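Down below is the structure, laid out as structure tokens.
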Amino acid sequence: MSGGFVPPPYPYDRLRGLVELARQHHGEVIDLSIGTPCDPPPAEVVAALGSSGTERGYPPSIGTAEYREAAAAWVARRLGLELGADQIAACVGTKEFVAGLPHWLRLRRPDRDTVLYPAVSYPSYAMGATLACCRAVPVPCDERWRIDLGAVDPADAERALCLWVNTPGNPAGGLDDLTAVAEWGRRHGVTVVSDECYVEFTWDGGPRTILTSGLDGMLAVHSLSKRSNLAGARAGFYAGDPELVAYLSELRKHAGLMVPGPVQAAGVIAWADDDHVEQQRVRYLRRLNLVAEALRATGLEIELPGGGFYLWVAAPAGDAWGLARRLAEVAGVVASPGEFYGAAAVERVRIAVVQPDEVLARMCARLAGSRLAER
């Protein structure tokens, strides 16, 4: 059969050559390509996965009352915002929500066909548009990796189904002016969806949410994957405009999208505990500084991000794949070439500081004395 949609190669599947290169040179692979947590979640959260007794029945698609209350209490504590139960609903990990949202919104607004997203960003924003048969239109970023809404073509704004922002940003750690973003969205009648899954790891200033500027036309997306090291559990929530939350939660019931009951029970405990997140913040900041210093010693120019746990590294002569190969050869490290995050990112490499301290120390020892800044 010809003429139908052919999925492109999944970006991280393209790293197999780098994996083999690292293994050949060092007998091991230090995988810094994906933001996969390596540190353990709290023991009581893990225990709840096997003791809730909720595996026998169907869990509420919108989330149990306890899960949504725990999420609302977390928003109040960490973000200083009071939300009601009708303004929050569960999602099966936020990647599912990101990739599926344009399809659900297009059903509601068939007169609009465009998804706006940062030109340097998580690839699922663009892929979600493609899967919904929408136009995926990147919006340029400024020199601090913040979205530049002044660069949006007015014709694209008129056709926009939604605008994605991500603060702190993946891959570059930029921090958008969310107040200005919310104002732009309301002025143009465009739903703004703010992916805030790295909010607990904001280094410049405090954590921020789009919802501080009001709920009308706004959605925020949050996840337990990063803050609680629960990427394998697949649990998050979306919150904001009550009308949008009601529409999406009803539609998602029909689609059978639901966070498993044991995961929701564990999520109640995870959202309620801030101590383990503070410990994780210390770990990530320490690792960012450790790896940044080791890379600077090789001649590379390294800036710490405004948030998140990625280093966004300019490649010598703009050769990102070349730098990625050198990292594999010299240190056994697999990192992600910037092209995974958009055409505007082809001259950079993303390094996720997610491995344990002892593994990163081994990497830094191998880097000592090398000159990665030279081709």
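Here, A, B, ... name the chains of the structure tokens in the order displayed, residue numbers run from 1 inside each chain, and ligands are numbered from 1 in the same displayed order.
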- Item | Spatial neighbours of region 195-203 of chain A, 7 Å, only C-alpha atoms, chain gap at least 3 places, as a list in words | Val165, Asn166, Thr167, Pro168, Gly206, Pro207, Arg208, Ala220, Val221, His222, Ser223, Lys226, Arg227, Arg281, Gly306, Gly307 and Gly308 of chain A
- Message: When you count only C-alpha atoms, which of these residues is closest to Ala126 (chain A): A:Ala157, A:Ala294, A:Cys162, A:Val75?
- Response: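 Using only C-alpha atoms, Ala126 (chain A) sits closest to A:Cys162.
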- Task: Compare A:Gly217, A:Val45, A:Ala315, A:Val349 by their minimum atom-to-atom distance to Trp184 (chain A), counting only C-alpha atoms, and give me the closest one.
- Result: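 Of A:Gly217, A:Val45, A:Ala315, A:Val349, the one nearest Trp184 (chain A), counting only C-alpha atoms, is A:Gly217.
Minimum distance to Ile210 (chain A) across A:Cys133, A:Ala272, A:Val181, A:Val277 (counting only C-alpha atoms) occurs at A:Val181.
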- Query: Do you know which residues are at most 10 Å from region 334-342 of chain A counting only C-alpha atoms, after dropping those on the same chain fewer than 6 positions away, and could you put them as JSON, numbers by chain?
  - Reply: {"A": [10, 11, 12, 14, 15, 16, 17, 18, 19, 20, 21, 22, 23, 29, 30, 31, 32, 33, 34, 118, 119, 120, 121, 122, 123, 124, 126, 138, 170, 171, 172, 312, 313, 314, 315, 319, 320, 321, 322, 323, 324, 325, 326, 327, 328, 348, 349, 350, 351, 352]}
- Task: Would you mind telling me which residue in A:Gly53, A:Gly100, A:Pro316, A:Gly173 lies nearest to Pro262 (chain A) when using only C-alpha atoms?
- Result: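 When distances to Pro262 (chain A) are compared using only C-alpha atoms, the smallest one comes from A:Gly53.
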- Which residues come within 10 Å of Val46 (chain A), counting only C-alpha atoms, excluding same-chain residues fewer than 6 positions away, as number ranges by chain? A: 40, 230, 233, 262-263, 266-267, 269-270
- Using only C-alpha atoms, which residue out of A:Glu293, A:Asp113, A:Asp275, A:Glu301 lies closest to Pro41 (chain A)?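 Of A:Glu293, A:Asp113, A:Asp275, A:Glu301, the one nearest Pro41 (chain A), counting only C-alpha atoms, is A:Asp275.
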